[in-house]
file upload.csv (CSV, C-alpha atoms)
chain,number,residue,atom,x,y,z
A,1,MET,CA,5.4,-28.7,-6.1
A,2,THR,CA,6.0,-25.1,-5.0
A,3,THR,CA,9.5,-24.7,-3.5
A,4,THR,CA,9.6,-24.0,0.2
A,5,ILE,CA,13.0,-23.1,1.6
A,6,THR,CA,14.2,-23.5,5.2
A,7,PRO,CA,16.7,-21.3,7.0
A,8,GLN,CA,19.3,-24.1,7.1
A,9,GLU,CA,19.7,-24.1,3.3
A,10,THR,CA,22.2,-21.9,1.6
A,11,LYS,CA,22.2,-22.4,-2.2
A,12,GLU,CA,22.4,-20.6,-5.5
A,13,PHE,CA,19.0,-19.0,-6.0
A,14,THR,CA,17.5,-19.5,-9.4
A,15,LEU,CA,16.7,-16.4,-11.3
A,16,LYS,CA,16.3,-16.2,-15.1
A,17,ASN,CA,17.8,-12.7,-15.4
A,18,ASN,CA,20.0,-10.3,-13.5
A,19,LYS,CA,17.2,-7.7,-13.4
A,20,VAL,CA,14.2,-8.5,-11.2
A,21,CYS,CA,10.9,-6.7,-10.6
A,22,CYS,CA,10.3,-5.9,-6.9
A,23,ILE,CA,6.7,-5.3,-5.7
A,24,ALA,CA,4.8,-5.7,-2.4
A,25,ASP,CA,1.5,-5.5,-0.6
A,26,LEU,CA,-1.0,-6.5,-3.2
A,27,HIS,CA,-3.7,-7.0,-0.5
A,28,LEU,CA,-6.0,-8.9,-2.8
A,29,GLY,CA,-9.5,-9.0,-1.3
A,30,ILE,CA,-9.2,-5.5,0.2
A,31,HIS,CA,-12.4,-3.6,1.0
A,32,GLN,CA,-14.5,-6.6,1.8
A,33,ASN,CA,-13.5,-8.5,-1.4
A,34,SER,CA,-14.9,-5.7,-3.6
A,35,ILE,CA,-15.5,-6.4,-7.2
A,36,PHE,CA,-14.2,-2.9,-8.1
A,37,TRP,CA,-10.9,-3.6,-6.4
A,38,HIS,CA,-10.7,-7.1,-7.9
A,39,GLU,CA,-11.0,-5.5,-11.4
A,40,THR,CA,-8.5,-2.8,-10.4
A,41,ALA,CA,-6.0,-5.4,-9.4
A,42,LEU,CA,-6.4,-7.5,-12.6
A,43,SER,CA,-6.1,-4.4,-14.8
A,44,TRP,CA,-2.9,-3.5,-13.0
A,45,ALA,CA,-1.6,-7.1,-13.3
A,46,LYS,CA,-2.1,-6.9,-17.1
A,47,TRP,CA,-0.3,-3.6,-17.2
A,48,LEU,CA,2.6,-4.9,-15.2
A,49,ARG,CA,2.9,-8.0,-17.4
A,50,GLU,CA,3.1,-5.9,-20.6
A,51,SER,CA,5.5,-3.4,-19.0
A,52,LEU,CA,7.9,-6.1,-17.9
A,53,LYS,CA,7.8,-8.0,-21.2
A,54,LYS,CA,8.8,-4.9,-23.0
A,55,GLN,CA,11.9,-4.7,-20.9
A,56,ASP,CA,12.6,-8.5,-21.1
A,57,ILE,CA,12.1,-8.9,-17.3
A,58,LYS,CA,11.5,-12.6,-16.4
A,59,ASP,CA,11.5,-12.5,-12.6
A,60,ILE,CA,9.1,-11.0,-10.1
A,61,LEU,CA,9.9,-10.7,-6.4
A,62,ILE,CA,6.9,-10.0,-4.1
A,63,LEU,CA,7.8,-8.8,-0.6
A,64,GLY,CA,4.8,-10.0,1.3
A,65,ASP,CA,1.0,-9.6,1.7
A,66,VAL,CA,-0.4,-11.1,-1.5
A,67,PHE,CA,-3.7,-11.4,0.5
A,68,HIS,CA,-5.5,-8.9,2.7
A,69,TYR,CA,-7.4,-11.0,5.1
A,70,ARG,CA,-5.3,-13.4,7.2
A,71,ASP,CA,-8.0,-15.6,8.7
A,72,GLU,CA,-10.3,-16.3,5.7
A,73,ILE,CA,-10.3,-15.7,2.0
A,74,ALA,CA,-13.4,-15.3,-0.1
A,75,VAL,CA,-14.1,-17.5,-3.1
A,76,ASN,CA,-14.2,-14.5,-5.5
A,77,THR,CA,-10.8,-13.4,-4.2
A,78,LEU,CA,-9.4,-16.9,-4.8
A,79,HIS,CA,-10.7,-16.7,-8.3
A,80,VAL,CA,-9.0,-13.3,-8.9
A,81,VAL,CA,-5.7,-14.5,-7.5
A,82,ASN,CA,-5.8,-17.5,-9.8
A,83,GLU,CA,-6.5,-15.3,-12.8
A,84,MET,CA,-3.8,-12.8,-11.8
A,85,PHE,CA,-1.1,-15.5,-11.4
A,86,LYS,CA,-2.2,-17.1,-14.7
A,87,LEU,CA,-1.5,-13.8,-16.3
A,88,TRP,CA,2.0,-14.0,-14.9
A,89,LYS,CA,2.6,-17.7,-15.7
A,90,ASP,CA,5.6,-16.9,-17.9
A,91,PHE,CA,7.5,-15.2,-15.0
A,92,ASN,CA,9.6,-16.8,-12.4
A,93,ILE,CA,8.0,-15.6,-9.1
A,94,ILE,CA,9.4,-15.5,-5.6
A,95,ILE,CA,7.1,-14.6,-2.8
A,96,LEU,CA,8.0,-13.7,0.8
A,97,VAL,CA,5.2,-14.5,3.3
A,98,GLY,CA,3.9,-11.3,4.8
A,99,ASN,CA,1.9,-10.8,8.0
A,100,HIS,CA,-1.4,-10.7,6.1
A,101,ASP,CA,-0.5,-14.0,4.5
A,102,SER,CA,0.2,-15.6,7.9
A,103,TYR,CA,-2.5,-17.2,10.0
A,104,TYR,CA,-0.5,-16.5,13.2
A,105,LYS,CA,0.6,-13.0,14.2
A,106,ASP,CA,4.2,-13.8,15.0
A,107,ARG,CA,5.1,-16.7,12.6
A,108,SER,CA,4.7,-17.5,8.9
A,109,ASP,CA,4.9,-21.3,8.6
A,110,ILE,CA,1.1,-21.6,8.3
A,111,ASN,CA,0.1,-19.3,5.5
A,112,SER,CA,-2.4,-18.7,2.7
A,113,LEU,CA,0.3,-18.9,0.0
A,114,SER,CA,0.2,-22.7,0.3
A,115,LEU,CA,-2.5,-22.6,-2.3
A,116,PHE,CA,0.3,-22.1,-4.9
A,117,ASP,CA,1.4,-25.7,-4.3
A,118,GLY,CA,1.8,-27.2,-7.8
A,119,TRP,CA,2.7,-23.9,-9.5
A,120,LYS,CA,6.2,-24.7,-11.0
A,121,ASN,CA,7.0,-21.0,-11.5
A,122,ILE,CA,6.4,-19.9,-7.9
A,123,THR,CA,8.8,-20.1,-4.9
A,124,ILE,CA,7.3,-19.4,-1.5
A,125,ILE,CA,9.8,-18.3,1.2
A,126,SER,CA,8.3,-18.9,4.7
A,127,GLU,CA,11.5,-19.1,6.6
A,128,THR,CA,14.7,-17.0,6.6
A,129,LEU,CA,16.9,-17.8,3.6
A,130,ASN,CA,20.6,-16.7,3.2
A,131,THR,CA,21.8,-17.3,-0.3
A,132,VAL,CA,23.8,-16.0,-3.3
A,133,ILE,CA,22.3,-14.4,-6.4
A,134,PHE,CA,24.6,-13.5,-9.3
A,135,GLY,CA,27.5,-13.3,-6.9
A,136,LYS,CA,25.7,-11.1,-4.3
A,137,LYS,CA,25.1,-12.3,-0.8
A,138,CYS,CA,21.3,-12.0,-0.1
A,139,CYS,CA,18.9,-12.7,2.7
A,140,PHE,CA,15.2,-13.2,2.4
A,141,ALA,CA,13.4,-12.6,5.7
A,142,PRO,CA,9.6,-13.3,5.8
A,143,TRP,CA,7.2,-12.2,8.6
A,144,GLY,CA,8.1,-13.6,12.0
A,145,PHE,CA,11.8,-13.9,11.2
A,146,ASP,CA,14.6,-13.9,13.8
A,147,ILE,CA,17.1,-11.1,13.3
A,148,ASN,CA,19.9,-13.5,14.4
A,149,ASP,CA,19.1,-15.7,11.3
A,150,ILE,CA,20.1,-12.8,8.9
A,151,LYS,CA,23.8,-13.2,7.9
A,152,ASN,CA,25.9,-10.3,6.7
A,153,SER,CA,24.7,-9.6,3.2
A,154,ASP,CA,24.9,-7.3,0.3
A,155,ILE,CA,21.1,-7.0,0.3
A,156,VAL,CA,18.3,-8.0,2.6
A,157,PHE,CA,14.7,-8.5,1.4
A,158,GLY,CA,12.0,-8.5,4.0
A,159,HIS,CA,8.5,-7.6,5.3
A,160,PHE,CA,9.7,-5.4,8.1
A,161,GLU,CA,8.3,-3.0,10.7
A,162,ILE,CA,11.1,-0.4,11.0
A,163,GLU,CA,11.0,2.3,13.6
A,164,SER,CA,10.6,5.9,12.4
A,165,PHE,CA,9.1,5.0,9.0
A,166,LYS,CA,5.6,6.0,8.1
A,167,MET,CA,3.0,3.3,8.8
A,168,ASN,CA,0.5,5.4,6.9
A,169,SER,CA,-0.1,9.0,6.0
A,170,TYR,CA,-0.6,10.2,9.6
A,171,LYS,CA,1.4,7.9,11.9
A,172,LEU,CA,5.1,7.0,12.3
A,173,CYS,CA,6.1,3.6,13.4
A,174,ASP,CA,7.3,3.9,17.1
A,175,HIS,CA,8.2,0.3,17.6
A,176,GLY,CA,9.8,-2.6,15.7
A,177,LEU,CA,13.3,-2.9,14.3
A,178,LYS,CA,15.8,-0.1,14.6
A,179,THR,CA,17.5,1.0,11.4
A,180,GLU,CA,20.9,0.2,12.7
A,181,GLU,CA,19.9,-3.4,13.4
A,182,LEU,CA,19.3,-3.9,9.7
A,183,LEU,CA,22.0,-1.7,8.3
A,184,ASN,CA,24.5,-3.7,10.4
A,185,LYS,CA,23.4,-6.7,8.3
A,186,ALA,CA,23.5,-5.2,4.7
A,187,SER,CA,24.0,-2.0,2.8
A,188,LEU,CA,20.7,-2.3,0.9
A,189,ILE,CA,17.4,-3.2,2.6
A,190,LEU,CA,14.2,-3.7,0.5
A,191,SER,CA,11.0,-4.1,2.4
A,192,GLY,CA,7.3,-4.5,2.0
A,193,HIS,CA,4.7,-3.9,4.8
A,194,PHE,CA,4.2,-0.1,4.9
A,195,HIS,CA,2.3,1.2,1.9
A,196,LEU,CA,3.9,4.6,1.4
A,197,ARG,CA,6.9,4.3,-0.8
A,198,ASP,CA,10.0,5.6,1.0
A,199,GLU,CA,13.7,5.8,0.2
A,200,ARG,CA,16.2,6.8,2.8
A,201,GLU,CA,20.0,7.0,2.6
A,202,TYR,CA,22.3,6.5,5.5
A,203,GLY,CA,25.8,7.4,4.1
A,204,ASP,CA,26.4,4.7,1.5
A,205,LYS,CA,23.6,2.5,2.8
A,206,LYS,CA,19.8,2.5,1.9
A,207,ILE,CA,16.5,1.4,3.3
A,208,ILE,CA,13.7,1.3,0.8
A,209,TYR,CA,10.0,0.6,1.3
A,210,VAL,CA,8.7,-0.3,-2.2
A,211,GLY,CA,5.1,0.6,-1.2
A,212,ASN,CA,1.9,-0.9,-2.6
A,213,PRO,CA,1.7,-1.1,-6.4
A,214,PHE,CA,-1.5,1.0,-6.7
A,215,GLU,CA,-3.5,3.3,-4.4
A,216,MET,CA,-6.0,1.4,-2.1
A,217,ASP,CA,-7.5,4.2,0.0
A,218,PHE,CA,-7.3,8.0,0.6
A,219,GLY,CA,-4.3,7.4,2.9
A,220,ASP,CA,-2.3,6.7,-0.3
A,221,THR,CA,-3.0,10.1,-1.8
A,222,GLY,CA,0.1,11.8,-3.0
A,223,SER,CA,2.3,8.7,-2.8
A,224,THR,CA,3.7,7.6,-6.2
A,225,LYS,CA,3.0,4.0,-6.9
A,226,GLY,CA,4.7,1.5,-9.2
A,227,TYR,CA,7.4,-1.1,-9.3
A,228,TYR,CA,11.2,-1.3,-8.9
A,229,LEU,CA,13.7,-3.1,-11.1
A,230,LEU,CA,16.8,-4.3,-9.2
A,231,ASP,CA,19.9,-5.1,-11.2
A,232,PHE,CA,21.9,-7.7,-9.3
A,233,ASN,CA,25.1,-6.8,-11.2
A,234,ASP,CA,25.5,-3.4,-9.5
A,235,LEU,CA,22.5,-3.3,-7.0
A,236,VAL,CA,21.1,-0.3,-8.8
A,237,LEU,CA,17.4,0.3,-8.5
A,238,GLU,CA,15.1,2.0,-11.0
A,239,PHE,CA,11.5,3.0,-10.3
A,240,PHE,CA,8.7,2.8,-12.8
A,241,GLU,CA,5.5,4.7,-12.0
A,242,ASN,CA,2.1,3.1,-12.3
A,243,CYS,CA,0.0,5.5,-14.4
A,244,LYS,CA,-2.7,2.9,-15.1
A,245,SER,CA,-4.5,2.4,-11.8
A,246,PRO,CA,-7.0,4.9,-10.4
A,247,LYS,CA,-5.9,7.5,-7.9
A,248,HIS,CA,-7.7,9.0,-4.9
A,249,LYS,CA,-8.5,12.7,-5.2
A,250,LYS,CA,-9.9,15.0,-2.6
A,251,MET,CA,-11.4,18.2,-4.2
A,252,LEU,CA,-12.5,21.1,-2.0
A,253,LEU,CA,-15.6,22.9,-3.1
A,254,THR,CA,-13.9,26.2,-2.3
A,255,ASP,CA,-11.2,25.4,-4.8
A,256,LEU,CA,-13.9,24.8,-7.5
A,257,ILE,CA,-16.5,27.5,-7.0
A,258,THR,CA,-17.2,31.0,-5.6
A,259,SER,CA,-20.2,31.8,-3.6
A,260,ASP,CA,-22.7,34.6,-4.0
A,261,LYS,CA,-26.1,35.3,-2.7
A,262,PHE,CA,-27.6,33.2,-5.5
A,263,GLY,CA,-25.6,30.1,-4.7
A,264,ALA,CA,-22.5,28.8,-6.4
A,265,VAL,CA,-20.9,29.3,-9.8
A,266,VAL,CA,-17.9,27.7,-11.5
A,267,LYS,CA,-14.7,29.8,-10.9
A,268,ASP,CA,-13.2,29.8,-14.3
A,269,GLN,CA,-14.2,28.0,-17.5
A,270,LYS,CA,-10.6,27.6,-18.5
A,271,ASP,CA,-10.1,25.2,-15.5
A,272,ILE,CA,-12.7,22.7,-16.8
A,273,LYS,CA,-10.1,20.6,-18.6
A,274,LYS,CA,-7.9,20.5,-15.5
A,275,ILE,CA,-10.8,19.5,-13.4
A,276,GLN,CA,-11.7,16.8,-15.9
A,277,ALA,CA,-8.2,15.4,-15.8
A,278,GLU,CA,-8.3,15.2,-12.0
A,279,ILE,CA,-11.7,13.3,-12.1
A,280,GLU,CA,-11.5,11.0,-15.0
A,281,ASN,CA,-10.9,7.3,-14.0
A,282,ASN,CA,-10.1,8.3,-10.5
A,283,ILE,CA,-11.7,7.9,-7.0
A,284,VAL,CA,-13.0,11.3,-6.2
A,285,LYS,CA,-14.3,12.7,-2.9
A,286,LEU,CA,-15.9,16.2,-3.1
A,287,ILE,CA,-15.4,18.0,0.2
A,288,ILE,CA,-18.2,20.5,0.9
A,289,ASP,CA,-16.3,23.1,3.0
A,290,MET,CA,-18.6,26.1,2.5
A,291,LYS,CA,-22.2,27.0,2.7
A,292,VAL,CA,-23.9,26.2,-0.6
A,293,ALA,CA,-27.4,25.4,-1.8
A,294,PRO,CA,-28.0,21.6,-2.1
A,295,ASP,CA,-29.2,21.9,-5.6
A,296,HIS,CA,-25.9,23.4,-6.6
A,297,VAL,CA,-24.1,20.5,-5.1
A,298,ASP,CA,-26.3,18.1,-7.1
A,299,THR,CA,-25.6,20.1,-10.3
A,300,LEU,CA,-21.8,19.9,-9.6
A,301,LEU,CA,-22.0,16.1,-9.0
A,302,LYS,CA,-23.9,15.6,-12.3
A,303,LYS,CA,-21.1,17.6,-14.1
A,304,PHE,CA,-18.5,15.5,-12.3
A,305,SER,CA,-20.2,12.2,-13.4
A,306,VAL,CA,-19.9,13.2,-17.0
A,307,TYR,CA,-16.1,13.1,-16.6
A,308,LYS,CA,-16.4,9.4,-15.8
A,309,PRO,CA,-14.8,9.0,-12.3
A,310,PHE,CA,-14.2,5.4,-11.1
A,311,SER,CA,-16.3,6.5,-8.1
A,312,LEU,CA,-17.6,9.7,-6.7
A,313,SER,CA,-18.6,10.6,-3.1
A,314,VAL,CA,-19.4,13.6,-1.0
A,315,ASP,CA,-18.1,14.5,2.4
A,316,TYR,CA,-19.1,17.5,4.6
A,317,SER,CA,-16.6,19.4,6.7
A,318,LEU,CA,-17.4,21.8,9.5
A,319,VAL,CA,-18.4,25.2,8.1
A,320,SER,CA,-17.2,26.6,11.4
A,321,ASP,CA,-14.3,25.6,13.7
A,322,THR,CA,-16.5,26.4,16.7
A,323,LEU,CA,-18.8,23.8,18.1
A,324,GLN,CA,-21.6,25.3,20.3
A,325,ILE,CA,-21.9,23.5,23.6
A,326,THR,CA,-24.3,25.7,25.7
A,327,ASP,CA,-25.7,29.2,25.4
A,328,GLU,CA,-22.7,30.4,27.5
A,329,ALA,CA,-19.8,28.3,26.3
A,330,SER,CA,-18.3,26.9,23.1
A,331,LEU,CA,-15.5,24.6,22.2
A,332,ASP,CA,-12.8,25.3,19.6
A,333,VAL,CA,-12.1,22.1,17.7
A,334,SER,CA,-9.7,23.5,15.1
A,335,GLY,CA,-6.4,21.8,14.8
A,336,VAL,CA,-7.5,18.6,16.6
A,337,ASP,CA,-5.3,15.6,15.8
A,338,VAL,CA,-8.1,13.0,15.5
A,339,ALA,CA,-5.7,10.0,15.1
A,340,LYS,CA,-3.9,11.1,18.3
A,341,ALA,CA,-7.2,11.6,20.1
A,342,ILE,CA,-8.3,8.1,19.2
A,343,GLU,CA,-5.0,6.7,20.6
A,344,GLU,CA,-5.4,8.7,23.8
A,345,PHE,CA,-9.0,7.7,24.3
A,346,VAL,CA,-8.4,3.9,23.8
A,347,ASN,CA,-5.5,4.0,26.2
A,348,LEU,CA,-7.9,5.3,28.9
A,349,LEU,CA,-10.2,2.3,28.5
A,350,ASP,CA,-9.9,-0.9,30.6
A,351,ILE,CA,-9.6,-3.3,27.6
A,352,GLU,CA,-7.1,-5.8,26.2
A,353,ASP,CA,-5.0,-5.5,23.0
A,354,LYS,CA,-5.1,-1.7,22.9
A,355,PRO,CA,-2.5,-1.4,20.0
A,356,SER,CA,-4.7,-3.5,17.7
A,357,ILE,CA,-7.9,-1.5,18.6
A,358,ILE,CA,-6.0,1.8,18.1
A,359,LYS,CA,-4.7,0.7,14.7
A,360,TYR,CA,-8.1,-0.6,13.6
A,361,SER,CA,-9.9,2.6,14.7
A,362,GLN,CA,-7.3,4.9,13.1
A,363,ASP,CA,-7.5,2.9,9.9
A,364,LEU,CA,-11.3,3.4,9.8
A,365,TYR,CA,-10.8,7.1,10.4
A,366,LYS,CA,-8.2,7.3,7.6
A,367,LYS,CA,-10.5,5.3,5.2
A,368,TYR,CA,-13.7,7.4,5.7
A,369,ARG,CA,-12.4,10.8,6.7
call {"tool": "encode", "arguments": {"input": "upload.csv", "output": "structure tokens"}}
result
Amino acid sequence: MTTTITPQETKEFTLKNNKVCCIADLHLGIHQNSIFWHETALSWAKWLRESLKKQDIKDILILGDVFHYRDEIAVNTLHVVNEMFKLWKDFNIIILVGNHDSYYKDRSDINSLSLFDGWKNITIISETLNTVIFGKKCCFAPWGFDINDIKNSDIVFGHFEIESFKMNSYKLCDHGLKTEELLNKASLILSGHFHLRDEREYGDKKIIYVGNPFEMDFGDTGSTKGYYLLDFNDLVLEFFENCKSPKHKKMLLTDLITSDKFGAVVKDQKDIKKIQAEIENNIVKLIIDMKVAPDHVDTLLKKFSVYKPFSLSVDYSLVSDTLQITDEASLDVSGVDVAKAIEEFVNLLDIEDKPSIIKYSQDLYKKYR
């Protein structure tokens, strides 16, 4: 049976090695249970297995959100999850329940991770656990925890919403836990939940969001992905970059070509190899930010396709920052903060659950912008 630990228990936690791999936010099933993302996740899982074996790492700690959808899980996603954890069958795996793994929004006792019942190498933590690992006082706090259940520790592992950290590439968290609440509990905080990797020091104390292990949308652009190794002997962390999984790349047409009266031509032939490196095996969005003949765009897309991107799409930006309203008036839309505009608009509506609607709308904007 899978081990489930209650907050009343305090016991020596079983790890095979003093060094443990720390990851979070796999979000399996993301993008409507896309086959492409299933394959990406499995490819990453194989890379992680080989990378950890080379370093003789035997333990994996997942800080929440194995799954993406909290209310239902597709059959093809269940299959991929089964395949992934079979790849990791030789590792001792500890999983904190995250909010996407939990059926309820404010508690984690009913969760999708129960499907791991019967996996002898997997421990699910669904309630706060205070314990000792290699002589270090530790606390594991899953989603829906009570701050009062966290005892003074050397390190706290959690799935936290911490005020002032980036929720995504355009919005800071303006609610949730305050940093001092957690730093009063431990000198080292490791958390899942927010996808952008972030390391902050507060004197001799640290809060670290480990981030998701591979890019999942254009909001992850520019955020280095990978995994951490934590050494329980001295609580030193080492980061290892994931260079295996595809990255999201936005490429402006104006950065690639110049315009003349006949259309568009490539800027410089010597840049071809650089462009190819940006495109190959990545998720590429070509931003059309200048006037150019459609047939030249088609030609450029055909050239891009030769470089074998994982996916290739086109987006059109405004050629002008001025939107014509009437013959007499126009509206300058340059510098508009769309995410903020969404928030302000929804707050004006007479509807319930505005925060969830704002977040959903902003996430859609982030995904498709």
call {"tool": "residues_around", "arguments": {"input": "upload.csv", "residues": "A:Arg107", "least_positions_apart": "5", "cutoff": "8 Å", "atoms": "only C-alpha atoms", "output": "list in words"}}
result
Ser102, Trp143, Gly144 and Phe145 of chain A
call {"tool": "write_last_selection", "arguments": {"input": "upload.csv", "atoms": "C-alpha atoms", "output": "compact mmCIF listing (two decimals), in the coordinates of the input"}}
result
# COMPACT_ATOMS: atom_id res chain seq x y z
CA SER A 102 0.20 -15.60 7.90
CA TRP A 143 7.20 -12.20 8.60
CA GLY A 144 8.10 -13.60 12.00
CA PHE A 145 11.80 -13.90 11.20
call {"tool": "closest_atom_pairs", "arguments": {"input": "upload.csv", "of": "stretch 217-324 of chain A", "to": "stretch 160-167 of chain A", "cutoff": "12 Å", "atoms": "all atoms listed in the file", "output": "tab-separated table"}}
result
residue	atom	partner	partner_atom	distance
A:Gly219	CA	A:Met167	CA	10.2
A:Asp220	CA	A:Met167	CA	11.1
A:Ser223	CA	A:Lys166	CA	11.7
call {"tool": "write_last_selection", "arguments": {"input": "upload.csv", "atoms": "C-alpha atoms", "output": "mmCIF file, in the frame of the given file"}}
result
data_model
loop_
_atom_site.group_PDB
_atom_site.id
_atom_site.type_symbol
_atom_site.label_atom_id
_atom_site.label_comp_id
_atom_site.auth_asym_id
_atom_site.auth_seq_id
_atom_site.Cartn_x
_atom_site.Cartn_y
_atom_site.Cartn_z
ATOM 1 C CA GLY A 219 -4.300 7.400 2.900
ATOM 2 C CA ASP A 220 -2.300 6.700 -0.300
ATOM 3 C CA SER A 223 2.300 8.700 -2.800
#
call {"tool": "atom_distance", "arguments": {"input": "upload.csv", "atom1": "atom CA of A:Ile342", "atom2": "atom CA of A:Ile208"}}
result
29.5 Å
call {"tool": "atom_distance", "arguments": {"input": "upload.csv", "atom1": "atom CA of A:Lys16", "atom2": "atom CA of A:Leu183"}}
result
28.1 Å
call {"tool": "closest_residue", "arguments": {"input": "upload.csv", "among": "A:Ser356, A:Gln276, A:Ser112, A:Gln32", "to": "A:Val66", "atoms": "only C-alpha atoms"}}
result
A:Ser112
call {"tool": "atom_distance", "arguments": {"input": "upload.csv", "atom1": "atom CA of A:Lys308", "atom2": "atom CA of A:Asn281"}}
result
6.2 Å
call {"tool": "closest_residue", "arguments": {"input": "upload.csv", "among": "A:Gly176, A:Pro355, A:Gly118, A:Gly192", "to": "A:Phe140", "atoms": "all atoms listed in the file"}}
result
A:Gly192
call {"tool": "closest_residue", "arguments": {"input": "upload.csv", "among": "A:Val75, A:Met84, A:Leu63, A:Leu190", "to": "A:Leu42", "atoms": "all atoms listed in the file"}}
result
A:Met84
call {"tool": "closest_residue", "arguments": {"input": "upload.csv", "among": "A:Ile155, A:Leu182, A:Leu364, A:Leu177", "to": "A:Lys137", "atoms": "all atoms listed in the file"}}
result
A:Ile155
call {"tool": "residues_around", "arguments": {"input": "upload.csv", "residues": "A:Val20", "least_positions_apart": "6", "cutoff": "9 Å", "atoms": "only C-alpha atoms", "output": "list in words"}}
result
Ile57, Lys58, Asp59, Ile60, Leu61, Tyr228, Leu229, Leu230, Asp231 and Phe232 of chain A
call {"tool": "residues_around", "arguments": {"input": "upload.csv", "residues": "A:Lys303", "least_positions_apart": "2", "cutoff": "12 Å", "atoms": "only C-alpha atoms", "output": "JSON, numbers by chain"}}
result
{"A": [266, 272, 275, 276, 279, 280, 296, 297, 298, 299, 300, 301, 305, 306, 307, 308, 309, 312]}
call {"tool": "closest_residue", "arguments": {"input": "upload.csv", "among": "A:Tyr104, A:Tyr202, A:Tyr360, A:Phe116", "to": "A:Ala339", "atoms": "only C-alpha atoms"}}
result
A:Tyr360
call {"tool": "closest_atom_pairs", "arguments": {"input": "upload.csv", "of": "stretch 133-220 of chain A", "to": "stretch 239-252 of chain A", "cutoff": "8 Å", "atoms": "all atoms listed in the file", "output": "CSV"}}
result
residue,atom,partner,partner_atom,distance
A:Pro213,CA,A:Asn242,CA,7.3
A:Phe214,CA,A:Ser245,CA,6.1
A:Glu215,CA,A:Lys247,CA,6.0
A:Asp217,CA,A:His248,CA,6.9
A:Phe218,CA,A:His248,CA,5.6
A:Asp220,CA,A:His248,CA,7.5
call {"tool": "residues_around", "arguments": {"input": "upload.csv", "residues": "A:Ser108", "least_positions_apart": "4", "cutoff": "12 Å", "atoms": "only C-alpha atoms", "output": "PyMOL selection string"}}
result
chain A and resi 4+6+64-65+70+96-104+112-114+124-128+141-146+159
call {"tool": "closest_residue", "arguments": {"input": "upload.csv", "among": "A:His175, A:Arg49, A:Lys120, A:Lys185", "to": "A:Asn148", "atoms": "all atoms listed in the file"}}
result
A:Lys185
